[in-house]
>>> print(open('coords-v4.pdb').read())   # PDB, C-alpha atoms, pLDDT in the B column
ATOM      1  CA  MET A  21    -101.602  54.811  48.021  1.00 48.00           C
ATOM      2  CA  LYS A  22     -98.014  56.020  47.937  1.00 45.00           C
ATOM      3  CA  MET A  23     -95.947  54.981  44.924  1.00 44.00           C
ATOM      4  CA  SER A  24     -92.241  54.536  45.256  1.00 45.00           C
ATOM      5  CA  ALA A  25     -89.923  55.616  42.476  1.00 44.00           C
ATOM      6  CA  VAL A  26     -88.295  52.791  40.578  1.00 44.00           C
ATOM      7  CA  VAL A  27     -84.648  53.434  39.766  1.00 43.00           C
ATOM      8  CA  GLU A  28     -83.295  51.251  37.011  1.00 46.00           C
ATOM      9  CA  PRO A  29     -79.684  50.301  37.509  1.00 50.00           C
ATOM     10  CA  ILE A  30     -77.328  51.503  34.735  1.00 49.00           C
ATOM     11  CA  SER A  31     -75.140  48.908  33.165  1.00 53.00           C
ATOM     12  CA  PRO A  32     -71.416  49.730  32.727  1.00 52.00           C
ATOM     13  CA  ASN A  33     -71.829  49.753  28.902  1.00 53.00           C
ATOM     14  CA  LYS A  34     -74.761  52.197  29.091  1.00 52.00           C
ATOM     15  CA  ALA A  35     -72.859  54.430  31.507  1.00 48.00           C
ATOM     16  CA  LEU A  36     -69.912  54.476  29.104  1.00 50.00           C
ATOM     17  CA  ILE A  37     -72.168  55.449  26.193  1.00 50.00           C
ATOM     18  CA  MET A  38     -73.785  58.253  28.220  1.00 51.00           C
ATOM     19  CA  ASP A  39     -70.375  59.515  29.339  1.00 55.00           C
ATOM     20  CA  THR A  40     -69.163  59.558  25.728  1.00 54.00           C
ATOM     21  CA  LEU A  41     -72.262  61.463  24.611  1.00 51.00           C
ATOM     22  CA  MET A  42     -71.772  64.008  27.398  1.00 54.00           C
ATOM     23  CA  ASN A  43     -68.106  64.452  26.412  1.00 58.00           C
ATOM     24  CA  GLU A  44     -69.136  64.999  22.787  1.00 59.00           C
ATOM     25  CA  ASP A  45     -71.677  67.609  23.889  1.00 57.00           C
ATOM     26  CA  ASP A  46     -68.989  69.347  25.958  1.00 61.00           C
ATOM     27  CA  GLN A  47     -66.588  69.331  23.000  1.00 62.00           C
ATOM     28  CA  GLN A  48     -69.242  70.753  20.672  1.00 63.00           C
ATOM     29  CA  GLU A  49     -70.015  73.470  23.220  1.00 61.00           C
ATOM     30  CA  LYS A  50     -66.317  74.304  23.544  1.00 58.00           C
ATOM     31  CA  MET A  51     -65.930  74.426  19.755  1.00 63.00           C
ATOM     32  CA  LYS A  52     -68.950  76.692  19.497  1.00 61.00           C
ATOM     33  CA  MET A  53     -67.494  78.999  22.141  1.00 62.00           C
ATOM     34  CA  GLN A  54     -64.163  79.086  20.270  1.00 61.00           C
ATOM     35  CA  ASP A  55     -65.964  79.862  17.015  1.00 61.00           C
ATOM     36  CA  ASP A  56     -67.882  82.659  18.745  1.00 60.00           C
ATOM     37  CA  GLU A  57     -64.638  84.020  20.178  1.00 62.00           C
ATOM     38  CA  SER A  58     -62.961  83.904  16.751  1.00 60.00           C
ATOM     39  CA  LEU A  59     -65.924  85.716  15.228  1.00 55.00           C
ATOM     40  CA  ARG A  60     -65.760  88.397  17.914  1.00 58.00           C
ATOM     41  CA  GLU A  61     -62.032  88.862  17.270  1.00 58.00           C
ATOM     42  CA  GLU A  62     -62.638  89.184  13.530  1.00 55.00           C
ATOM     43  CA  GLN A  63     -65.371  91.750  14.159  1.00 53.00           C
ATOM     44  CA  LEU A  64     -63.086  93.690  16.476  1.00 52.00           C
ATOM     45  CA  LEU A  65     -60.279  93.605  13.928  1.00 54.00           C
ATOM     46  CA  GLY A  66     -62.708  94.661  11.225  1.00 53.00           C
ATOM     47  CA  SER A  67     -64.001  97.569  13.261  1.00 49.00           C
ATOM     48  CA  ASP A  68     -60.437  98.598  14.083  1.00 50.00           C
ATOM     49  CA  HIS A  69     -59.591  98.471  10.381  1.00 49.00           C
ATOM     50  CA  SER A  70     -62.587 100.570   9.363  1.00 45.00           C
ATOM     51  CA  SER A  71     -61.858 102.955  12.197  1.00 44.00           C
ATOM     52  CA  SER A  72     -58.306 103.219  10.905  1.00 47.00           C
ATOM     53  CA  ASP A  73     -59.654 103.973   7.424  1.00 49.00           C
ATOM     54  CA  GLY A  74     -61.875 106.650   8.909  1.00 48.00           C
ATOM     55  CA  VAL A  75     -58.933 108.231  10.705  1.00 44.00           C
ATOM     56  CA  GLN A  76     -56.946 108.061   7.466  1.00 49.00           C
ATOM     57  CA  ALA A  77     -59.776 109.792   5.609  1.00 44.00           C
ATOM     58  CA  GLU A  78     -59.944 112.460   8.289  1.00 45.00           C
ATOM     59  CA  LYS A  79     -56.205 112.991   7.981  1.00 57.00           C
ATOM     60  CA  GLU A  80     -56.483 113.675   4.239  1.00 78.00           C
ATOM     61  CA  LEU A  81     -55.055 117.090   3.563  1.00 87.00           C
ATOM     62  CA  GLU A  82     -57.319 119.827   2.273  1.00 87.00           C
ATOM     63  CA  PRO A  83     -56.393 121.261  -1.120  1.00 88.00           C
ATOM     64  CA  GLU A  84     -54.762 124.681  -1.187  1.00 87.00           C
ATOM     65  CA  VAL A  85     -54.681 127.298  -3.913  1.00 90.00           C
ATOM     66  CA  GLN A  86     -51.539 129.345  -3.377  1.00 88.00           C
ATOM     67  CA  GLN A  87     -49.616 132.261  -4.897  1.00 87.00           C
ATOM     68  CA  PRO A  88     -52.629 133.751  -6.692  1.00 88.00           C
ATOM     69  CA  LYS A  89     -51.793 136.532  -9.137  1.00 88.00           C
ATOM     70  CA  LEU A  90     -54.131 138.579 -11.280  1.00 88.00           C
ATOM     71  CA  TYR A  91     -52.874 140.332 -14.399  1.00 91.00           C
ATOM     72  CA  ILE A  92     -54.621 143.019 -16.461  1.00 92.00           C
ATOM     73  CA  ILE A  93     -53.328 142.793 -20.010  1.00 94.00           C
ATOM     74  CA  CYS A  94     -53.851 145.678 -22.429  1.00 94.00           C
ATOM     75  CA  PRO A  95     -52.403 145.692 -25.975  1.00 92.00           C
ATOM     76  CA  GLY A  96     -49.388 147.998 -26.209  1.00 90.00           C
ATOM     77  CA  ARG A  97     -49.106 148.388 -22.434  1.00 90.00           C
ATOM     78  CA  SER A  98     -47.088 146.640 -19.734  1.00 90.00           C
ATOM     79  CA  ASP A  99     -49.032 143.980 -17.873  1.00 90.00           C
ATOM     80  CA  LEU A 100     -50.493 145.135 -14.570  1.00 88.00           C
ATOM     81  CA  GLU A 101     -49.895 142.542 -11.840  1.00 88.00           C
ATOM     82  CA  LEU A 102     -52.026 142.282  -8.718  1.00 81.00           C
ATOM     83  CA  SER A 103     -50.727 139.966  -6.043  1.00 70.00           C
ATOM     84  CA  GLU A 104     -51.170 139.903  -2.305  1.00 68.00           C
ATOM     85  CA  PRO A 105     -50.269 141.570  -0.087  1.00 66.00           C
ATOM     86  CA  PHE A 106     -51.061 145.053  -1.357  1.00 67.00           C
ATOM     87  CA  ILE A 107     -52.650 148.222  -0.028  1.00 70.00           C
ATOM     88  CA  SER A 108     -55.485 149.734  -1.998  1.00 76.00           C
ATOM     89  CA  THR A 109     -57.549 152.733  -0.910  1.00 80.00           C
ATOM     90  CA  PRO A 110     -59.827 155.157  -2.763  1.00 81.00           C
ATOM     91  CA  LYS A 111     -57.041 157.747  -2.616  1.00 79.00           C
ATOM     92  CA  ASP A 112     -54.397 155.279  -3.741  1.00 78.00           C
ATOM     93  CA  CYS A 113     -56.009 153.108  -6.414  1.00 81.00           C
ATOM     94  CA  LEU A 114     -53.929 150.312  -7.851  1.00 83.00           C
ATOM     95  CA  PHE A 115     -54.154 151.203 -11.527  1.00 88.00           C
ATOM     96  CA  THR A 116     -55.859 153.303 -14.168  1.00 90.00           C
ATOM     97  CA  LEU A 117     -57.470 152.040 -17.364  1.00 93.00           C
ATOM     98  CA  LYS A 118     -58.170 154.178 -20.390  1.00 94.00           C
ATOM     99  CA  GLU A 119     -61.807 154.320 -21.452  1.00 95.00           C
ATOM    100  CA  ALA A 120     -62.812 152.308 -24.531  1.00 96.00           C
ATOM    101  CA  SER A 121     -59.598 150.276 -24.386  1.00 94.00           C
ATOM    102  CA  ARG A 122     -59.277 146.542 -24.921  1.00 95.00           C
ATOM    103  CA  TYR A 123     -58.122 144.412 -22.011  1.00 93.00           C
ATOM    104  CA  LYS A 124     -58.264 140.888 -20.654  1.00 93.00           C
ATOM    105  CA  LEU A 125     -57.621 139.288 -17.304  1.00 90.00           C
ATOM    106  CA  LYS A 126     -55.089 136.541 -16.669  1.00 91.00           C
ATOM    107  CA  PHE A 127     -55.115 134.528 -13.476  1.00 89.00           C
ATOM    108  CA  SER A 128     -52.286 132.287 -12.235  1.00 92.00           C
ATOM    109  CA  PHE A 129     -52.035 130.072  -9.151  1.00 92.00           C
ATOM    110  CA  THR A 130     -50.505 126.865  -7.800  1.00 95.00           C
ATOM    111  CA  VAL A 131     -52.289 123.911  -6.182  1.00 95.00           C
ATOM    112  CA  SER A 132     -50.887 121.850  -3.308  1.00 93.00           C
ATOM    113  CA  ASN A 133     -51.881 118.979  -0.968  1.00 90.00           C
ATOM    114  CA  ASN A 134     -54.833 117.589  -2.904  1.00 92.00           C
ATOM    115  CA  VAL A 135     -57.042 117.941  -5.986  1.00 94.00           C
ATOM    116  CA  VAL A 136     -59.184 121.080  -6.008  1.00 94.00           C
ATOM    117  CA  SER A 137     -62.510 120.595  -7.801  1.00 94.00           C
ATOM    118  CA  GLY A 138     -64.919 123.043  -9.380  1.00 94.00           C
ATOM    119  CA  LEU A 139     -62.652 126.062  -8.988  1.00 94.00           C
ATOM    120  CA  LYS A 140     -64.291 129.292 -10.100  1.00 94.00           C
ATOM    121  CA  TYR A 141     -63.291 132.923 -10.358  1.00 91.00           C
ATOM    122  CA  ILE A 142     -65.795 135.611  -9.328  1.00 94.00           C
ATOM    123  CA  ASN A 143     -65.232 139.307  -9.943  1.00 91.00           C
ATOM    124  CA  THR A 144     -67.653 142.007  -8.789  1.00 96.00           C
ATOM    125  CA  THR A 145     -67.304 145.720  -9.612  1.00 95.00           C
ATOM    126  CA  TRP A 146     -69.033 148.731  -8.064  1.00 96.00           C
ATOM    127  CA  LYS A 147     -69.093 152.434  -8.935  1.00 94.00           C
ATOM    128  CA  SER A 148     -70.340 154.932  -6.367  1.00 91.00           C
ATOM    129  CA  GLY A 149     -71.706 152.037  -4.291  1.00 91.00           C
ATOM    130  CA  VAL A 150     -73.761 150.592  -7.156  1.00 95.00           C
ATOM    131  CA  ARG A 151     -72.848 147.220  -8.598  1.00 96.00           C
ATOM    132  CA  VAL A 152     -72.102 147.640 -12.285  1.00 94.00           C
ATOM    133  CA  ASP A 153     -70.725 144.209 -13.147  1.00 93.00           C
ATOM    134  CA  LYS A 154     -70.429 140.673 -11.818  1.00 93.00           C
ATOM    135  CA  SER A 155     -68.662 137.975 -13.786  1.00 90.00           C
ATOM    136  CA  GLN A 156     -68.172 134.336 -12.864  1.00 93.00           C
ATOM    137  CA  VAL A 157     -65.894 131.974 -14.753  1.00 91.00           C
ATOM    138  CA  MET A 158     -65.531 128.242 -14.136  1.00 93.00           C
ATOM    139  CA  LEU A 159     -61.817 127.426 -14.111  1.00 91.00           C
ATOM    140  CA  GLY A 160     -62.134 123.654 -13.619  1.00 93.00           C
ATOM    141  CA  THR A 161     -60.472 120.904 -11.572  1.00 95.00           C
ATOM    142  CA  PHE A 162     -56.737 120.982 -10.841  1.00 95.00           C
ATOM    143  CA  SER A 163     -54.233 118.490  -9.411  1.00 95.00           C
ATOM    144  CA  PRO A 164     -51.367 119.489  -7.109  1.00 95.00           C
ATOM    145  CA  ARG A 165     -48.182 120.576  -8.879  1.00 94.00           C
ATOM    146  CA  LYS A 166     -45.329 123.010  -8.380  1.00 92.00           C
ATOM    147  CA  GLU A 167     -45.730 124.773 -11.726  1.00 95.00           C
ATOM    148  CA  PRO A 168     -48.434 127.478 -11.713  1.00 95.00           C
ATOM    149  CA  TYR A 169     -51.633 127.096 -13.653  1.00 95.00           C
ATOM    150  CA  VAL A 170     -52.454 130.031 -15.948  1.00 94.00           C
ATOM    151  CA  TYR A 171     -55.962 130.918 -17.087  1.00 91.00           C
ATOM    152  CA  GLU A 172     -56.810 133.793 -19.448  1.00 91.00           C
ATOM    153  CA  LEU A 173     -60.296 135.232 -19.650  1.00 89.00           C
ATOM    154  CA  GLU A 174     -61.858 136.527 -22.849  1.00 90.00           C
ATOM    155  CA  GLU A 175     -60.957 139.996 -24.043  1.00 93.00           C
ATOM    156  CA  ASP A 176     -63.291 142.838 -23.086  1.00 92.00           C
ATOM    157  CA  VAL A 177     -63.516 146.626 -23.572  1.00 94.00           C
ATOM    158  CA  THR A 178     -63.611 149.220 -20.797  1.00 94.00           C
ATOM    159  CA  PRO A 179     -66.716 151.430 -20.754  1.00 93.00           C
ATOM    160  CA  SER A 180     -66.475 154.953 -22.131  1.00 95.00           C
ATOM    161  CA  GLY A 181     -68.184 158.296 -21.651  1.00 93.00           C
ATOM    162  CA  VAL A 182     -68.450 160.826 -18.889  1.00 93.00           C
ATOM    163  CA  PHE A 183     -70.468 158.504 -16.657  1.00 92.00           C
ATOM    164  CA  ALA A 184     -67.994 155.652 -17.104  1.00 94.00           C
ATOM    165  CA  ARG A 185     -65.024 157.660 -15.881  1.00 95.00           C
ATOM    166  CA  GLY A 186     -64.139 157.712 -12.214  1.00 94.00           C
ATOM    167  CA  LEU A 187     -63.307 155.450  -9.297  1.00 94.00           C
ATOM    168  CA  TYR A 188     -64.335 151.781  -9.130  1.00 95.00           C
ATOM    169  CA  THR A 189     -64.221 149.191  -6.364  1.00 94.00           C
ATOM    170  CA  ALA A 190     -63.576 145.550  -7.264  1.00 93.00           C
ATOM    171  CA  ARG A 191     -63.676 142.318  -5.323  1.00 92.00           C
ATOM    172  CA  THR A 192     -62.057 139.167  -6.672  1.00 90.00           C
ATOM    173  CA  GLN A 193     -62.780 135.749  -5.185  1.00 91.00           C
ATOM    174  CA  VAL A 194     -61.672 132.233  -6.031  1.00 91.00           C
ATOM    175  CA  ILE A 195     -63.757 129.414  -4.524  1.00 94.00           C
ATOM    176  CA  ASP A 196     -64.258 125.703  -5.149  1.00 94.00           C
ATOM    177  CA  GLU A 197     -67.355 123.506  -5.386  1.00 94.00           C
ATOM    178  CA  LYS A 198     -67.400 123.083  -1.597  1.00 91.00           C
ATOM    179  CA  GLU A 199     -67.498 126.872  -1.173  1.00 92.00           C
ATOM    180  CA  ARG A 200     -63.968 126.976   0.232  1.00 92.00           C
ATOM    181  CA  CYS A 201     -62.557 130.431  -0.481  1.00 92.00           C
ATOM    182  CA  TYR A 202     -58.879 130.649  -1.466  1.00 89.00           C
ATOM    183  CA  VAL A 203     -58.688 134.246  -2.677  1.00 86.00           C
ATOM    184  CA  ASP A 204     -60.741 137.191  -1.476  1.00 88.00           C
ATOM    185  CA  ILE A 205     -59.215 140.571  -2.336  1.00 87.00           C
ATOM    186  CA  LYS A 206     -60.714 144.033  -2.618  1.00 89.00           C
ATOM    187  CA  TYR A 207     -59.061 146.856  -4.541  1.00 90.00           C
ATOM    188  CA  TYR A 208     -59.705 150.197  -6.249  1.00 92.00           C
ATOM    189  CA  PHE A 209     -59.015 151.330  -9.811  1.00 92.00           C
ATOM    190  CA  ASP A 210     -60.194 154.138 -12.031  1.00 92.00           C
ATOM    191  CA  ILE A 211     -61.119 154.722 -15.669  1.00 95.00           C
ATOM    192  CA  GLN A 212     -59.943 157.947 -17.290  1.00 94.00           C
ATOM    193  CA  LYS A 213     -59.784 159.561 -20.751  1.00 93.00           C
ATOM    194  CA  GLN A 214     -56.069 158.807 -21.005  1.00 92.00           C
ATOM    195  CA  TRP A 215     -53.539 156.398 -19.562  1.00 90.00           C
ATOM    196  CA  ARG A 216     -51.536 157.529 -16.600  1.00 80.00           C
ATOM    197  CA  GLU A 217     -48.009 158.522 -17.472  1.00 72.00           C
ATOM    198  CA  SER A 218     -46.617 155.923 -15.038  1.00 58.00           C
ATOM    199  CA  SER A 219     -48.846 153.105 -16.394  1.00 47.00           C
TER     200      SER A 219
END
>>> encode(input="coords-v4.pdb", output="structure tokens")
Amino acid sequence: MKMSAVVEPISPNKALIMDTLMNEDDQQEKMKMQDDESLREEQLLGSDHSSSDGVQAEKELEPEVQQPKLYIICPGRSDLELSEPFISTPKDCLFTLKEASRYKLKFSFTVSNNVVSGLKYINTTWKSGVRVDKSQVMLGTFSPRKEPYVYELEEDVTPSGVFARGLYTARTQVIDEKERCYVDIKYYFDIQKQWRESS
């Protein structure tokens, strides 16, 4: 037996109520879409802002240690100054030290662009190809400024005796905690029984 569908007529009041409900649903949907759009805009602005911060961080200048100078100070003698550029060869050593004489090293430099952290001074000395000394001194953390920083190391005494005399090779480096190297110089000096006349 075939059943026919019964369609109930909608009264004008009921139609009005349904239309109002549908309009409310549409409005809620539109508001939701606007909220979603606002959220997307905020996220985009946020990502642009963080991206801008990232670019700013990348544009931060690296610190620089400039105008490095190394001084050898011996009581009763003029200070010996080592500053780049210079030419040092085994036949033309930079300076002569007298055996068994007191001396100390003084290091000066300027810092620019940014703070340099964990700066350390490393000095290695060889004689006849054999390393005879390696010293490492922590200098510290320094802010940029125009005036040079000056750091004096503790006083020491040059070796003495027939085996101590002769030609030495030295390498001086200045690096920071990130292993960035600011100074890397190699030079020659000798130790003799007496001071050179010109020293």
>>> residues_around(input="coords-v4.pdb", residues="A:Thr161", least_positions_apart="2", cutoff="6 Å", atoms="only C-alpha atoms", output="ChimeraX atom specification")
/A:136-138
>>> atom_distance(input="coords-v4.pdb", atom1="atom CA of A:Pro83", atom2="atom CA of A:Tyr169")
14.6 Å
>>> atom_distance(input="coords-v4.pdb", atom1="atom CA of A:Ile205", atom2="atom CA of A:Pro168")
19.4 Å
>>> atom_distance(input="coords-v4.pdb", atom1="atom CA of A:Glu197", atom2="atom CA of A:Val150")
27.9 Å
>>> residues_near_point(input="coords-v4.pdb", point="(-69.2, 151.9, -2.9)", cutoff="12 Å", atoms="all atoms listed in the file", output="CSV table (one decimal) with C-alpha atoms, in the coordinates of the input")
chain,number,residue,atom,x,y,z
A,109,THR,CA,-57.5,152.7,-0.9
A,110,PRO,CA,-59.8,155.2,-2.8
A,144,THR,CA,-67.7,142.0,-8.8
A,145,THR,CA,-67.3,145.7,-9.6
A,146,TRP,CA,-69.0,148.7,-8.1
A,147,LYS,CA,-69.1,152.4,-8.9
A,148,SER,CA,-70.3,154.9,-6.4
A,149,GLY,CA,-71.7,152.0,-4.3
A,150,VAL,CA,-73.8,150.6,-7.2
A,151,ARG,CA,-72.8,147.2,-8.6
A,152,VAL,CA,-72.1,147.6,-12.3
A,187,LEU,CA,-63.3,155.4,-9.3
A,188,TYR,CA,-64.3,151.8,-9.1
A,189,THR,CA,-64.2,149.2,-6.4
A,190,ALA,CA,-63.6,145.6,-7.3
A,191,ARG,CA,-63.7,142.3,-5.3
A,206,LYS,CA,-60.7,144.0,-2.6
A,207,TYR,CA,-59.1,146.9,-4.5
A,208,TYR,CA,-59.7,150.2,-6.2
